[in-house]
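Visitor: Pasting a structure here, questions to come.
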Amino acid sequence: MKKNTLNSLLIILTALPSFALAGGVGDLQGFVALIKSILSSIIPLIMGLATVYFIWSLVGYISKAGEAKEEAKAQMIWGIIILFVMVSVWGFVNILTKTIFG
């Protein structure tokens, strides 16, 4: 399983020129722009997945009873914590980016 994952990752990284740095990255600003464009694509996806996780645990909390309800409640709390941390870090990174790179 681990070998298949590694092989898949290598195929993806070599197939996409932006990850292989073949997109004309010649200096530090180009490299920072490349990383910024990659992260600006990935971060909303991750935040969407965290939101789906929270909604999934909310549905589990509503539909279950007893001990499973407590587990779903704990998952909801962790989902809120994850979303809060992600939004906070994203905001902090944006502040640093605007401060350092203008």
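Naming works like this for the structure tokens: A, B, ... for the chains as they're shown, residue 1 at the start of each chain, ligands 1 onward in shown order.
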Considering only C-alpha atoms, return as a ChimeraX atom specification whatever protein or nucleic-acid residues lie within 12 Å of Ala74 in chain A, sequence-local ones (same chain, fewer than 3 positions apart) excluded.
Guide: /A:54,57-58,60-61,67-71,77-81
Visitor: Would you mind exporting N, CA and C atoms of the selected residues as an mmCIF file, in the first residue's frame?
Guide:
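This is the output file again16.cif:
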```cif
data_model
loop_
_atom_site.group_PDB
_atom_site.id
_atom_site.type_symbol
_atom_site.label_atom_id
_atom_site.label_comp_id
_atom_site.auth_asym_id
_atom_site.auth_seq_id
_atom_site.Cartn_x
_atom_site.Cartn_y
_atom_site.Cartn_z
ATOM 1 N N PHE A 54 -17.290 18.408 9.546
ATOM 2 C CA PHE A 54 -18.138 18.953 10.600
ATOM 3 C C PHE A 54 -19.615 18.649 10.325
ATOM 4 N N SER A 57 -20.376 14.988 10.991
ATOM 5 C CA SER A 57 -20.508 14.688 12.416
ATOM 6 C C SER A 57 -21.788 15.290 12.990
ATOM 7 N N LEU A 58 -22.249 16.417 12.455
ATOM 8 C CA LEU A 58 -23.520 16.999 12.883
ATOM 9 C C LEU A 58 -24.681 16.077 12.525
ATOM 10 N N GLY A 60 -24.417 12.877 12.105
ATOM 11 C CA GLY A 60 -24.264 11.721 12.997
ATOM 12 C C GLY A 60 -24.797 12.017 14.389
ATOM 13 N N TYR A 61 -24.604 13.224 14.868
ATOM 14 C CA TYR A 61 -25.103 13.611 16.194
ATOM 15 C C TYR A 61 -26.629 13.625 16.208
ATOM 16 N N GLU A 67 -24.256 6.343 23.371
ATOM 17 C CA GLU A 67 -22.815 6.529 23.366
ATOM 18 C C GLU A 67 -22.307 7.043 22.021
ATOM 19 N N ALA A 68 -22.943 6.611 20.942
ATOM 20 C CA ALA A 68 -22.536 7.079 19.612
ATOM 21 C C ALA A 68 -22.792 8.579 19.465
ATOM 22 N N LYS A 69 -23.781 9.076 20.203
ATOM 23 C CA LYS A 69 -24.085 10.499 20.155
ATOM 24 C C LYS A 69 -22.949 11.299 20.796
ATOM 25 N N GLU A 70 -22.375 10.764 21.860
ATOM 26 C CA GLU A 70 -21.250 11.450 22.506
ATOM 27 C C GLU A 70 -20.026 11.469 21.595
ATOM 28 N N GLU A 71 -19.814 10.378 20.868
ATOM 29 C CA GLU A 71 -18.705 10.334 19.925
ATOM 30 C C GLU A 71 -18.899 11.359 18.808
ATOM 31 N N ILE A 77 -16.963 18.924 17.940
ATOM 32 C CA ILE A 77 -16.083 19.860 18.647
ATOM 33 C C ILE A 77 -14.719 19.920 17.955
ATOM 34 N N TRP A 78 -14.180 18.748 17.589
ATOM 35 C CA TRP A 78 -12.899 18.740 16.883
ATOM 36 C C TRP A 78 -13.024 19.398 15.516
ATOM 37 N N GLY A 79 -14.157 19.213 14.851
ATOM 38 C CA GLY A 79 -14.375 19.873 13.560
ATOM 39 C C GLY A 79 -14.362 21.383 13.693
ATOM 40 N N ILE A 80 -14.987 21.909 14.743
ATOM 41 C CA ILE A 80 -14.988 23.354 14.981
ATOM 42 C C ILE A 80 -13.570 23.833 15.296
ATOM 43 N N ILE A 81 -12.846 23.083 16.110
ATOM 44 C CA ILE A 81 -11.472 23.458 16.448
ATOM 45 C C ILE A 81 -10.597 23.467 15.191
#
```
Visitor: Looking at only C-alpha atoms, which of A:Ala72, A:Ile46, A:Leu34, A:Leu6 is the one that sits closest to Trp90 in chain A?
Guide: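 So, comparing all the options, the nearest one is A:Ile46.
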Visitor: Just want the 12 Å neighbourhood of range 96-100 of chain A, counted on only C-alpha atoms, with same-chain residues fewer than 4 positions away dropped. Output as a ChimeraX atom specification.
Guide: /A:29,32-33,35-36,89-92
Visitor: CA of Ile55 in chain A to CA of Asn94 in chain A: how many Å, to one decimal?
Guide: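 Answer for the CA of Ile55 in chain A to CA of Asn94 in chain A separation: 26.7 Å.
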Visitor: To one decimal in Å, tell me the separation between CA of Leu83 in chain A and CA of Ser37 in chain A.
Guide: 21.5 Å
Visitor: For the structure I just gave you, how does DSSP split chain A - specifically, which residues are alpha helix (DSSP H)? Reply as a count of residues only.
Guide: 85
Visitor: Calculate how many Å separate CA of Ile82 in chain A from CA of Ser40 in chain A, rounding to one decimal.
Guide: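 A separation of 18.4 Å between them.
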Visitor: Of the candidates A:Ile11, A:Gly102, A:Lys64, A:Val87, which one gets nearest to Pro44 in chain A if we count only C-alpha atoms?
Guide: A:Val87
